[in-house]
Every structure is written in C-alpha cells, then in structure tokens.
file run_21.cif (mmCIF, C-alpha atoms (C1' of nucleotides) and all ligand atoms)
data_model
loop_
_atom_site.group_PDB
_atom_site.id
_atom_site.type_symbol
_atom_site.label_atom_id
_atom_site.label_comp_id
_atom_site.auth_asym_id
_atom_site.auth_seq_id
_atom_site.Cartn_x
_atom_site.Cartn_y
_atom_site.Cartn_z
ATOM 1 C CA MET S 167 0.000 0.000 0.000
ATOM 2 C CA ALA S 168 2.228 2.748 -1.260
ATOM 3 C CA GLN S 169 -0.799 4.973 -1.756
ATOM 4 C CA THR S 170 -2.140 5.078 1.772
ATOM 5 C CA GLN S 171 1.119 6.192 3.255
ATOM 6 C CA THR S 172 0.672 5.554 6.923
ATOM 7 C CA LEU S 173 1.458 8.506 9.084
ATOM 8 C CA SER S 174 3.234 8.379 12.387
ATOM 9 C CA LYS S 175 1.606 9.399 15.635
ATOM 10 C CA ASN S 176 2.964 12.948 15.673
ATOM 11 C CA GLN S 177 2.288 13.403 12.001
ATOM 12 C CA LYS S 178 -1.349 12.389 12.491
ATOM 13 C CA ILE S 179 -1.831 14.711 15.423
ATOM 14 C CA ILE S 180 -0.421 17.641 13.559
ATOM 15 C CA LEU S 181 -2.169 16.965 10.273
ATOM 16 C CA ASP S 182 -5.409 16.667 12.192
ATOM 17 C CA ILE S 183 -5.068 20.046 13.816
ATOM 18 C CA ILE S 184 -4.155 21.727 10.540
ATOM 19 C CA GLU S 185 -7.056 20.136 8.711
ATOM 20 C CA LYS S 186 -9.523 21.293 11.336
ATOM 21 C CA ALA S 187 -8.251 24.848 11.363
ATOM 22 C CA LYS S 188 -10.021 27.448 9.294
ATOM 23 C CA GLU S 189 -6.937 29.598 8.938
ATOM 24 C CA PRO S 190 -3.307 28.906 8.217
ATOM 25 C CA LEU S 191 -1.548 27.853 11.393
ATOM 26 C CA LYS S 192 1.844 29.000 12.590
ATOM 27 C CA ALA S 193 4.290 26.393 13.823
ATOM 28 C CA TYR S 194 4.359 27.676 17.370
ATOM 29 C CA SER S 195 0.610 27.944 17.552
ATOM 30 C CA ILE S 196 0.475 24.312 16.501
ATOM 31 C CA LEU S 197 3.001 23.521 19.191
ATOM 32 C CA PHE S 198 0.897 25.266 21.796
ATOM 33 C CA ASN S 199 -2.165 23.331 20.701
ATOM 34 C CA VAL S 200 -0.573 19.905 20.865
ATOM 35 C CA GLN S 201 1.271 20.223 24.128
ATOM 36 C CA LYS S 202 -1.542 18.469 25.951
ATOM 37 C CA LYS S 203 -0.982 15.563 23.584
ATOM 38 C CA GLY S 204 2.606 15.177 24.608
ATOM 39 C CA ILE S 205 4.374 17.085 21.864
ATOM 40 C CA LYS S 206 6.614 19.417 23.759
ATOM 41 C CA ALA S 207 9.328 20.741 21.492
ATOM 42 C CA PRO S 208 9.422 22.833 18.306
ATOM 43 C CA LEU S 209 11.450 20.198 16.526
ATOM 44 C CA GLN S 210 8.745 17.627 16.906
ATOM 45 C CA VAL S 211 6.377 19.999 15.152
ATOM 46 C CA TYR S 212 8.795 21.028 12.443
ATOM 47 C CA ARG S 213 9.692 17.433 11.672
ATOM 48 C CA ALA S 214 6.088 16.457 11.232
ATOM 49 C CA LEU S 215 5.446 19.535 9.113
ATOM 50 C CA ALA S 216 8.372 18.702 6.855
ATOM 51 C CA LYS S 217 7.093 15.204 6.263
ATOM 52 C CA LEU S 218 3.515 16.320 5.655
ATOM 53 C CA ILE S 219 4.738 18.880 3.155
ATOM 54 C CA LYS S 220 6.757 16.220 1.365
ATOM 55 C CA LEU S 221 3.662 14.069 1.132
ATOM 56 C CA GLY S 222 1.601 16.945 -0.186
ATOM 57 C CA LYS S 223 -0.814 16.762 2.737
ATOM 58 C CA ILE S 224 -0.109 20.340 3.726
ATOM 59 C CA HIS S 225 1.553 23.375 2.195
ATOM 60 C CA LYS S 226 3.547 26.207 3.607
ATOM 61 C CA VAL S 227 2.301 29.665 2.768
ATOM 62 C CA GLU S 228 5.732 31.149 2.352
ATOM 63 C CA SER S 229 4.930 34.803 2.777
ATOM 64 C CA ARG S 230 3.109 34.082 6.020
ATOM 65 C CA ASN S 231 5.250 31.362 7.563
ATOM 66 C CA ALA S 232 2.083 29.414 8.052
ATOM 67 C CA PHE S 233 0.726 26.015 7.125
ATOM 68 C CA VAL S 234 -2.520 24.931 5.501
ATOM 69 C CA ALA S 235 -4.015 21.573 4.622
ATOM 70 C CA CYS S 236 -4.034 20.792 0.931
ATOM 71 C CA GLN S 237 -7.438 21.529 -0.537
ATOM 72 C CA ASN S 238 -6.737 19.605 -3.708
ATOM 73 C CA SER S 239 -5.714 16.010 -4.072
ATOM 74 C CA ASN S 240 -2.403 16.383 -2.334
ATOM 75 C CA CYS S 241 -1.106 18.550 -5.164
ATOM 76 C CA GLU S 242 1.067 15.930 -6.806
ATOM 77 C CA ILE S 243 3.219 15.854 -3.725
ATOM 78 C CA SER S 244 3.347 19.621 -3.372
ATOM 79 C CA LYS S 245 4.983 20.400 -6.657
ATOM 80 C CA ALA S 246 2.587 23.028 -7.823
ATOM 81 C CA THR S 247 0.823 25.336 -5.430
ATOM 82 C CA ALA S 248 -1.143 28.533 -5.780
ATOM 83 C CA PHE S 249 -2.864 30.572 -3.117
ATOM 84 C CA SER S 250 -4.979 33.652 -2.810
ATOM 85 C CA ILE S 251 -4.367 35.656 0.319
ATOM 86 C CA CYS S 252 -6.514 38.463 1.636
ATOM 87 C CA GLU S 253 -4.276 41.188 2.991
ATOM 88 C CA THR S 254 -7.032 42.439 5.252
ATOM 89 C CA CYS S 255 -8.385 39.343 6.990
ATOM 90 C CA GLU S 256 -5.505 37.018 6.092
ATOM 91 C CA LYS S 257 -7.849 34.393 4.728
ATOM 92 C CA VAL S 258 -5.952 31.963 2.530
ATOM 93 C CA THR S 259 -7.478 29.818 -0.174
ATOM 94 C CA GLU S 260 -5.737 27.277 -2.302
ATOM 95 C CA ILE S 261 -6.398 27.942 -5.952
ATOM 96 C CA SER S 262 -7.345 24.970 -8.032
ATOM 97 C CA ASP S 263 -7.360 26.023 -11.634
ATOM 98 C CA GLN S 264 -6.493 23.555 -14.360
ATOM 99 C CA LYS S 265 -5.595 26.201 -16.891
ATOM 100 C CA LEU S 266 -3.356 28.084 -14.498
ATOM 101 C CA SER S 267 -1.488 25.013 -13.367
ATOM 102 C CA LYS S 268 -1.087 23.775 -16.906
ATOM 103 C CA TYR S 269 0.221 27.160 -17.940
ATOM 104 C CA LEU S 270 2.755 27.268 -15.134
ATOM 105 C CA LYS S 271 3.842 23.665 -15.501
ATOM 106 C CA ASN S 272 4.685 24.330 -19.117
ATOM 107 C CA PHE S 273 6.420 27.609 -18.483
ATOM 108 C CA HIS S 274 10.076 27.787 -19.460
ATOM 109 C CA ASP S 275 12.346 30.748 -19.068
ATOM 110 C CA LYS S 276 14.960 31.880 -21.522
ATOM 111 C CA THR S 277 17.860 30.314 -19.656
ATOM 112 C CA GLY S 278 16.710 26.743 -20.129
ATOM 113 C CA MET S 279 16.388 26.097 -16.446
ATOM 114 C CA ILE S 280 14.462 22.999 -15.456
ATOM 115 C CA TYR S 281 11.554 23.691 -13.137
ATOM 116 C CA LYS S 282 10.483 21.008 -10.724
ATOM 117 C CA LYS S 283 8.123 22.997 -8.567
ATOM 118 C CA TYR S 284 6.495 26.341 -8.224
ATOM 119 C CA ASN S 285 4.614 28.346 -5.651
ATOM 120 C CA LEU S 286 2.378 31.250 -6.531
ATOM 121 C CA GLU S 287 0.786 33.629 -4.083
ATOM 122 C CA PHE S 288 -1.777 36.253 -5.003
ATOM 123 C CA TYR S 289 -2.440 39.048 -2.542
ATOM 124 C CA GLY S 290 -5.541 41.174 -2.485
ATOM 125 C CA LEU S 291 -8.965 41.722 -1.032
ATOM 126 C CA CYS S 292 -11.410 38.899 -0.481
ATOM 127 C CA THR S 293 -15.078 39.387 -1.316
ATOM 128 C CA THR S 294 -16.028 39.784 2.325
ATOM 129 C CA CYS S 295 -13.456 42.475 2.987
ATOM 130 C CA LYS S 296 -14.289 44.182 -0.287
ATOM 131 C CA ARG S 297 -17.813 44.860 0.963
ATOM 132 C CA SER S 298 -16.842 46.398 4.250
ATOM 133 C CA MET O 98 10.274 65.003 -9.370
ATOM 134 C CA ALA O 99 8.090 62.169 -8.175
ATOM 135 C CA GLN O 100 10.140 59.772 -10.282
ATOM 136 C CA THR O 101 13.510 60.140 -8.661
ATOM 137 C CA GLN O 102 12.321 59.380 -5.187
ATOM 138 C CA THR O 103 15.194 60.438 -3.049
ATOM 139 C CA LEU O 104 16.450 57.795 -0.693
ATOM 140 C CA SER O 105 17.665 58.366 2.827
ATOM 141 C CA LYS O 106 21.203 57.644 3.921
ATOM 142 C CA ASN O 107 20.506 54.203 5.324
ATOM 143 C CA GLN O 108 18.303 53.307 2.398
ATOM 144 C CA LYS O 109 21.073 54.216 -0.044
ATOM 145 C CA ILE O 110 23.690 52.218 1.823
ATOM 146 C CA ILE O 111 21.523 49.145 1.907
ATOM 147 C CA LEU O 112 20.275 49.372 -1.653
ATOM 148 C CA ASP O 113 23.867 49.739 -2.769
ATOM 149 C CA ILE O 114 25.006 46.572 -1.055
ATOM 150 C CA ILE O 115 22.083 44.581 -2.414
ATOM 151 C CA GLU O 116 22.646 45.829 -5.937
ATOM 152 C CA LYS O 117 26.279 44.871 -5.836
ATOM 153 C CA ALA O 118 25.635 41.386 -4.507
ATOM 154 C CA LYS O 119 25.457 38.498 -6.908
ATOM 155 C CA GLU O 120 23.225 36.451 -4.666
ATOM 156 C CA PRO O 121 20.179 37.220 -2.576
ATOM 157 C CA LEU O 122 21.250 38.685 0.733
ATOM 158 C CA LYS O 123 19.859 37.843 4.130
ATOM 159 C CA ALA O 124 18.981 40.675 6.458
ATOM 160 C CA TYR O 125 21.599 39.790 9.032
ATOM 161 C CA SER O 126 24.287 39.375 6.440
ATOM 162 C CA ILE O 127 23.424 42.864 5.236
ATOM 163 C CA LEU O 128 23.639 44.059 8.818
ATOM 164 C CA PHE O 129 27.063 42.533 9.211
ATOM 165 C CA ASN O 130 28.235 44.212 6.030
ATOM 166 C CA VAL O 131 27.087 47.697 6.933
ATOM 167 C CA GLN O 132 28.253 47.827 10.510
ATOM 168 C CA LYS O 133 31.381 49.645 9.460
ATOM 169 C CA LYS O 134 29.119 52.292 7.980
ATOM 170 C CA GLY O 135 27.409 52.934 11.278
ATOM 171 C CA ILE O 136 24.318 50.822 10.919
ATOM 172 C CA LYS O 137 24.335 48.804 14.069
ATOM 173 C CA ALA O 138 20.907 47.362 14.685
ATOM 174 C CA PRO O 139 18.605 44.932 12.855
ATOM 175 C CA LEU O 140 15.790 47.445 12.859
ATOM 176 C CA GLN O 141 17.771 49.919 10.855
ATOM 177 C CA VAL O 142 18.199 47.263 8.203
ATOM 178 C CA TYR O 143 14.628 46.041 8.262
ATOM 179 C CA ARG O 144 13.273 49.554 8.030
ATOM 180 C CA ALA O 145 15.344 50.337 4.981
ATOM 181 C CA LEU O 146 14.395 47.019 3.413
ATOM 182 C CA ALA O 147 10.705 47.703 3.950
ATOM 183 C CA LYS O 148 10.956 51.051 2.243
ATOM 184 C CA LEU O 149 13.003 49.741 -0.659
ATOM 185 C CA ILE O 150 10.472 46.970 -1.184
ATOM 186 C CA LYS O 151 7.650 49.487 -1.192
ATOM 187 C CA LEU O 152 9.480 51.474 -3.847
ATOM 188 C CA GLY O 153 10.080 48.374 -5.954
ATOM 189 C CA LYS O 154 13.849 48.785 -5.755
ATOM 190 C CA ILE O 155 14.276 45.367 -4.196
ATOM 191 C CA HIS O 156 12.200 42.246 -3.691
ATOM 192 C CA LYS O 157 12.014 39.680 -0.960
ATOM 193 C CA VAL O 158 12.437 36.100 -2.060
ATOM 194 C CA GLU O 159 9.862 34.743 0.324
ATOM 195 C CA SER O 160 10.907 31.125 0.426
ATOM 196 C CA ARG O 161 14.480 32.125 1.213
ATOM 197 C CA ASN O 162 13.999 35.102 3.510
ATOM 198 C CA ALA O 163 16.428 36.942 1.302
ATOM 199 C CA PHE O 164 16.503 40.139 -0.669
ATOM 200 C CA VAL O 165 17.473 40.900 -4.268
ATOM 201 C CA ALA O 166 17.662 44.066 -6.312
ATOM 202 C CA CYS O 167 14.949 44.434 -8.903
ATOM 203 C CA GLN O 168 16.252 43.389 -12.284
ATOM 204 C CA ASN O 169 13.350 44.964 -14.127
ATOM 205 C CA SER O 170 12.195 48.535 -13.992
ATOM 206 C CA ASN O 171 11.225 48.500 -10.342
ATOM 207 C CA CYS O 172 8.388 46.097 -11.103
ATOM 208 C CA GLU O 173 5.585 48.625 -10.958
ATOM 209 C CA ILE O 174 6.356 49.149 -7.298
ATOM 210 C CA SER O 175 6.722 45.444 -6.575
ATOM 211 C CA LYS O 176 3.253 44.375 -7.517
ATOM 212 C CA ALA O 177 4.177 41.512 -9.767
ATOM 213 C CA THR O 178 7.253 39.414 -9.160
ATOM 214 C CA ALA O 179 8.491 36.103 -10.479
ATOM 215 C CA PHE O 180 11.708 34.288 -9.709
ATOM 216 C CA SER O 181 13.520 31.167 -10.697
ATOM 217 C CA ILE O 182 15.484 29.563 -7.922
ATOM 218 C CA CYS O 183 18.052 26.814 -8.285
ATOM 219 C CA GLU O 184 17.641 24.368 -5.435
ATOM 220 C CA THR O 185 21.240 23.245 -5.780
ATOM 221 C CA CYS O 186 23.273 26.451 -5.944
ATOM 222 C CA GLU O 187 20.545 28.802 -4.697
ATOM 223 C CA LYS O 188 21.032 31.134 -7.622
ATOM 224 C CA VAL O 189 18.003 33.394 -7.989
ATOM 225 C CA THR O 190 16.969 35.146 -11.168
ATOM 226 C CA GLU O 191 14.100 37.516 -11.617
ATOM 227 C CA ILE O 192 11.920 36.420 -14.484
ATOM 228 C CA SER O 193 10.918 39.093 -16.919
ATOM 229 C CA ASP O 194 8.353 37.623 -19.254
ATOM 230 C CA GLN O 195 5.666 39.816 -20.726
ATOM 231 C CA LYS O 196 3.331 36.950 -21.499
ATOM 232 C CA LEU O 197 3.631 35.450 -18.050
ATOM 233 C CA SER O 198 3.034 38.709 -16.247
ATOM 234 C CA LYS O 199 0.121 39.561 -18.485
ATOM 235 C CA TYR O 200 -1.374 36.147 -17.850
ATOM 236 C CA LEU O 201 -1.047 36.484 -14.105
ATOM 237 C CA LYS O 202 -2.229 40.067 -13.957
ATOM 238 C CA ASN O 203 -5.404 39.054 -15.713
ATOM 239 C CA PHE O 204 -5.974 35.953 -13.657
ATOM 240 C CA HIS O 205 -9.160 35.845 -11.621
ATOM 241 C CA ASP O 206 -10.289 33.069 -9.366
ATOM 242 C CA LYS O 207 -13.836 31.807 -8.992
ATOM 243 C CA THR O 208 -14.532 33.714 -5.790
ATOM 244 C CA GLY O 209 -14.256 37.152 -7.348
ATOM 245 C CA MET O 210 -11.372 38.176 -5.166
ATOM 246 C CA ILE O 211 -9.475 41.273 -6.255
ATOM 247 C CA TYR O 212 -5.781 40.705 -6.745
ATOM 248 C CA LYS O 213 -3.424 43.578 -6.182
ATOM 249 C CA LYS O 214 -0.139 41.724 -6.223
ATOM 250 C CA TYR O 215 1.385 38.368 -6.811
ATOM 251 C CA ASN O 216 4.626 36.571 -6.211
ATOM 252 C CA LEU O 217 5.672 33.487 -8.119
ATOM 253 C CA GLU O 218 8.668 31.321 -7.366
ATOM 254 C CA PHE O 219 9.887 28.499 -9.565
ATOM 255 C CA TYR O 220 12.261 25.959 -8.067
ATOM 256 C CA GLY O 221 14.527 23.726 -10.062
ATOM 257 C CA LEU O 222 17.942 23.170 -11.520
ATOM 258 C CA CYS O 223 19.864 25.914 -13.234
ATOM 259 C CA THR O 224 21.776 25.183 -16.410
ATOM 260 C CA THR O 225 25.115 25.141 -14.609
ATOM 261 C CA CYS O 226 23.975 22.651 -11.991
ATOM 262 C CA LYS O 227 22.234 20.551 -14.624
ATOM 263 C CA ARG O 228 25.580 19.833 -16.273
ATOM 264 C CA SER O 229 27.384 18.698 -13.150
ATOM 265 C "C1'" DT Y 271 16.814 -11.922 14.348
ATOM 266 C "C1'" DA Y 272 19.839 -8.793 12.254
ATOM 267 C "C1'" DA Y 273 20.078 -4.656 9.797
ATOM 268 C "C1'" DC Y 274 18.363 -0.452 8.323
ATOM 269 C "C1'" DA Y 275 15.512 3.566 7.841
ATOM 270 C "C1'" DA Y 276 12.324 6.547 9.863
ATOM 271 C "C1'" DA Y 277 10.597 8.655 13.693
ATOM 272 C "C1'" DC Y 278 11.143 10.170 18.408
ATOM 273 C "C1'" DG Y 279 12.549 13.026 22.608
ATOM 274 C "C1'" DT Y 280 15.470 16.417 24.495
ATOM 275 C "C1'" DT Y 281 18.559 20.311 25.208
ATOM 276 C "C1'" DA Y 282 20.600 23.991 23.337
ATOM 277 C "C1'" DT Y 283 21.131 27.440 19.961
ATOM 278 C "C1'" DA Y 284 20.703 29.917 15.545
ATOM 279 C "C1'" DT Y 285 18.118 32.873 12.634
ATOM 280 C "C1'" DT Y 286 14.640 36.112 11.406
ATOM 281 C "C1'" DA Y 287 11.796 39.963 12.751
ATOM 282 C "C1'" DT Y 288 9.292 43.494 15.622
ATOM 283 C "C1'" DA Y 289 7.880 46.496 19.885
ATOM 284 C "C1'" DA Y 290 8.530 50.589 22.187
ATOM 285 C "C1'" DC Y 291 10.484 54.937 23.065
ATOM 286 C "C1'" DA Y 292 12.832 59.185 22.443
ATOM 287 C "C1'" DC Y 293 14.938 62.025 19.206
ATOM 288 C "C1'" DT Y 294 16.007 64.478 14.495
ATOM 289 C "C1'" DA Y 295 15.506 66.073 9.853
ATOM 290 C "C1'" DT Y 296 12.533 67.650 6.197
ATOM 291 C "C1'" DG Y 297 9.299 70.025 4.011
ATOM 292 C "C1'" DA Y 298 4.688 71.925 3.669
ATOM 293 C "C1'" DT Y 299 1.474 75.612 5.294
ATOM 294 C "C1'" DA Y 300 -0.512 79.160 7.591
ATOM 295 C "C1'" DT Z 756 8.949 82.410 10.861
ATOM 296 C "C1'" DA Z 757 6.308 79.492 13.742
ATOM 297 C "C1'" DT Z 758 3.927 75.169 13.746
ATOM 298 C "C1'" DC Z 759 2.633 71.013 12.097
ATOM 299 C "C1'" DA Z 760 2.893 66.633 9.904
ATOM 300 C "C1'" DT Z 761 5.632 63.017 7.986
ATOM 301 C "C1'" DA Z 762 9.459 60.233 7.504
ATOM 302 C "C1'" DG Z 763 13.603 58.760 9.162
ATOM 303 C "C1'" DT Z 764 17.007 57.667 12.981
ATOM 304 C "C1'" DG Z 765 19.237 55.261 17.024
ATOM 305 C "C1'" DT Z 766 18.837 52.175 20.785
ATOM 306 C "C1'" DT Z 767 17.502 48.471 23.909
ATOM 307 C "C1'" DA Z 768 14.947 44.692 24.541
ATOM 308 C "C1'" DT Z 769 12.318 40.882 23.091
ATOM 309 C "C1'" DA Z 770 9.372 38.035 20.080
ATOM 310 C "C1'" DA Z 771 8.871 34.652 16.574
ATOM 311 C "C1'" DT Z 772 10.660 31.250 13.504
ATOM 312 C "C1'" DA Z 773 13.719 27.406 12.702
ATOM 313 C "C1'" DT Z 774 17.663 24.063 13.103
ATOM 314 C "C1'" DA Z 775 21.928 21.411 15.174
ATOM 315 C "C1'" DA Z 776 23.377 17.599 17.558
ATOM 316 C "C1'" DC Z 777 22.801 13.680 20.292
ATOM 317 C "C1'" DG Z 778 21.166 9.292 21.608
ATOM 318 C "C1'" DT Z 779 16.993 6.222 21.749
ATOM 319 C "C1'" DT Z 780 12.937 3.804 19.917
ATOM 320 C "C1'" DT Z 781 10.063 1.797 16.507
ATOM 321 C "C1'" DG Z 782 8.739 -0.415 12.366
ATOM 322 C "C1'" DT Z 783 10.042 -2.915 8.061
ATOM 323 C "C1'" DT Z 784 12.403 -5.888 5.430
ATOM 324 C "C1'" DA Z 785 15.835 -9.500 4.402
HETATM 325 ZN ZN ZN S 801 -2.617 21.428 -2.497
HETATM 326 ZN ZN ZN S 802 -10.593 39.355 3.674
HETATM 327 ZN ZN ZN S 803 11.531 43.458 -10.106
HETATM 328 ZN ZN ZN S 804 22.372 25.972 -9.782
#
call {"tool": "encode", "arguments": {"input": "run_21.cif", "output": "structure tokens", "more": "lines below"}}
Ligand SMILES: [Zn+2]
Ligand SMILES: [Zn+2]
Ligand SMILES: [Zn+2]
Ligand SMILES: [Zn+2]
result
Amino acid sequence: MAQTQTLSKNQKIILDIIEKAKEPLKAYSILFNVQKKGIKAPLQVYRALAKLIKLGKIHKVESRNAFVACQNSNCEISKATAFSICETCEKVTEISDQKLSKYLKNFHDKTGMIYKKYNLEFYGLCTTCKRS
Amino acid sequence: MAQTQTLSKNQKIILDIIEKAKEPLKAYSILFNVQKKGIKAPLQVYRALAKLIKLGKIHKVESRNAFVACQNSNCEISKATAFSICETCEKVTEISDQKLSKYLKNFHDKTGMIYKKYNLEFYGLCTTCKRS
DNA sequence: TAACAAACGTTATATTATAACACTATGATA
DNA sequence: TATCATAGTGTTATAATATAACGTTTGTTA
C-alpha cells in the first residue's frame, strides 16, 4: 500500500489540527495546541510539518510562515501550489485552476532552467473584505 | 520630481550593497556588512528594506527570507514578481516575461477576489547545476 | 533476528523579525 | 517664521521562527 502512506503518531496529530483549522496555522501555535498531547518541542512539530509537506498533505504559505491543509488532491506531492491571500483578513485559499497550473507547468524561461516545482501567491482583497 | 524618489542615507547604503551582490542577501548578512558604515541594529536594516520593497527597488524572495535588487524597472512598485530559484546552488533570477506577467495580472479566481499583487517562485535546476 | 531507515525526545542554539520609546531632519502651510 | 505633519534615525529589549546535535525507539524488510 504505497498509496495510503501511513502517518506516524505525531504526524497524524499535527495533520489533524491543521485540517480542522479554518486559517493557516503557525508552527508555534500548533506547538501550543498539541502540548496536551505530549508534543513538547518545536522540533517535533517542524519534523512532522516537513514530512507532511513532502507528502503533499499540507503546504507552507511562504509569505506568512504558516501552514494549511491541501485543498486539492495532495497537489502531486506539493509540486505546484497557488494561493490567494486576503491582505485584510488574512484568509488563505488554495487555488485549483487547471488552466493556471497547466500554464505554469509548461512555463520555461529563456535560460533553459528545469523547473520542478512552483509556488504562486496572489495578494488582495477577499469578497467579504471588499464589501466592508 | 516624483520619479527620482530620493532615498535616505541608510536606504542608499543598503540598496547599494544589495545591488552589488550576486546572490540574494539575508537581512543579518546585510547588517554585518554595513556595521562599518554605522548601521548597528537589525531594525535599521529592516526599516530600509521595507521602504526599498515598497518602492520596488528590491524584492524579498519569500521562500528564502532573502533580498534581491529588482532586475526589471522597479516592477511597478513590486506588484508583480516572479523568480527562478536553483535548489542546488541557490542562484536566484528575476523572471521578466511579458506573457507570463500579463497572464497572471489578468488571472481571476472563482470567488471574485481582487488581486493587487502576486509573487511566483519556480524551483529547479539551473543550467550550470544541470551539467554537473 | 539482524540490519536499516524513519521517527522520536530532548537540550541547546541559531536565525529572522518586531515592539517601544525618544529624538532628528525635512518640508509643507498658515 | 512658527507650527505642524511626515518620515527617518538610534537604541535596547524581546518576540517569533527554525535548526543542530545527540542518543533512543520503533517499524520494516531480508
Ligand atoms: Zn494542495
Ligand atoms: Zn478578507
Ligand atoms: Zn523586479
Ligand atoms: Zn544551480
């Protein structure tokens, strides 16, 4: 069963808390939230995060140093990510747009560099914040 | 002369060092390099960086927490940035591609969110590292 | 069961970034 | 010229984010 990669105890705990969250979570806020479950040190959190990112279960929102659960199908192991971020309320949504991802996957620069991954972040005003 | 926005002393010093660098510079490496010029504290660096970013003179490479001089024409005050990053040698190049930036500027998601800015980072292997 | 890889727990430390406060320079404006 | 607002400065302290290094445990596979 290579598909159903079985997660370790810490990895499960931390994935669970990220999946249940409505906003991106910071590493130390995760740490705070799992201390009652026996995870006491930053490294335990960061190690689980690293593995979950590798598996495509979560993504890091680079400009925010925060982590969100993948809202697609594990994003081909996190190779191609795009987010929209509201600069007012900090709401983050993972963009799932076939055309966009196809466009970016096929993009080549002039230098001939080989791209293995990309991360795209849009910043703006969400519809809720636009109204108010 | 709204064009030739005049920079302050610290801003000039720090822009200068970033422009001369061949790689992205980290804030504390900048700090180290300007201590002989009288800039002693992190905040002095971060404040100058913030202003230079606002002016589009430099950009932050989010996934690397590092700063590079704009290689375009100040990127419309930093609203639209794209980089290619070699994961082996950490070389960073600013991508200047009319089609790409037009595509991204016109991108709209399903939610109707208004995008004011974007940042795109490609990760891969540069041509030099590909050979070796 | 031996061997290996992955995960774990722990302590210490490195790296990145901001808060808060008082002061100074600059330029507009009344 | 007085006064006001804005931006910039210098400084100390501290917050927030992330990794190094070590030895142990667990789970898988041969
Ligand atoms: Zn995803
Ligand atoms: Zn919003
Ligand atoms: Zn630029
Ligand atoms: Zn390279």
call {"tool": "resolve_selection", "arguments": {"input": "run_21.cif", "expression": "the PyMOL selection byres (((not hetatm)) within 12 of (chain S and resi 803))", "output": "PyMOL selection string"}}
result
chain O and resi 149-158+164-180+190-194+198+215-217
call {"tool": "residues_near_point", "arguments": {"input": "run_21.cif", "point": "(16.3, 3.4, 20.3)", "cutoff": "12 Å", "atoms": "all atoms listed in the file", "output": "MDAnalysis selection string"}}
result
(chainID Y and resid 276:279) or (chainID Z and resid 778:782)
call {"tool": "resolve_selection", "arguments": {"input": "run_21.cif", "expression": "the PyMOL selection byres ((chain S and not hetatm) within 12 of (chain Y))", "output": "PyMOL selection string"}}
result
chain S and resi 173-177+204-211+213-214+217+231
call {"tool": "interface_residues", "arguments": {"input": "run_21.cif", "of": "chain S", "to": "chain O", "cutoff": "7 Å", "atoms": "all atoms listed in the file", "output": "list in words"}}
result
Glu228, Ser229, Gly278, Met279, Ile280, Tyr281, Lys282, Lys283, Tyr284, Asn285, Leu286, Glu287, Phe288, Tyr289, Gly290, Leu291, Cys292 and Thr293 of chain S
call {"tool": "atom_distance", "arguments": {"input": "run_21.cif", "atom1": "CA of Lys134 in chain O", "atom2": "CA of Pro121 in chain O"}}
result
20.5 Å
call {"tool": "resolve_selection", "arguments": {"input": "run_21.cif", "expression": "the PyMOL selection byres ((chain Z) within 10 of (chain S and not hetatm))", "output": "PyMOL selection string"}}
result
chain Z and resi 771-774
call {"tool": "write_last_selection", "arguments": {"input": "run_21.cif", "atoms": "C-alpha atoms (C1' of nucleotides)", "output": "tab-separated table (two decimals), in the coordinates of the input"}}
result
chain	number	residue	atom	x	y	z
Z	771	DA	C1'	8.87	34.65	16.57
Z	772	DT	C1'	10.66	31.25	13.50
Z	773	DA	C1'	13.72	27.41	12.70
Z	774	DT	C1'	17.66	24.06	13.10
call {"tool": "atom_distance", "arguments": {"input": "run_21.cif", "atom1": "CA of Ser298 in chain S", "atom2": "CA of Ala187 in chain S"}}
result
24.3 Å
call {"tool": "atom_distance", "arguments": {"input": "run_21.cif", "atom1": "CA of Thr103 in chain O", "atom2": "C1' of DC759 in chain Z"}}
result
22.3 Å
call {"tool": "axis_aligned_box", "arguments": {"input": "run_21.cif", "around": "range 773-785 of chain Z", "padding_each_side": "3 Å", "output": "lines of an AutoDock Vina configuration file"}}
result
center_x = 16.1
center_y = 9.0
center_z = 13.1
size_x = 20.6
size_y = 42.9
size_z = 23.3
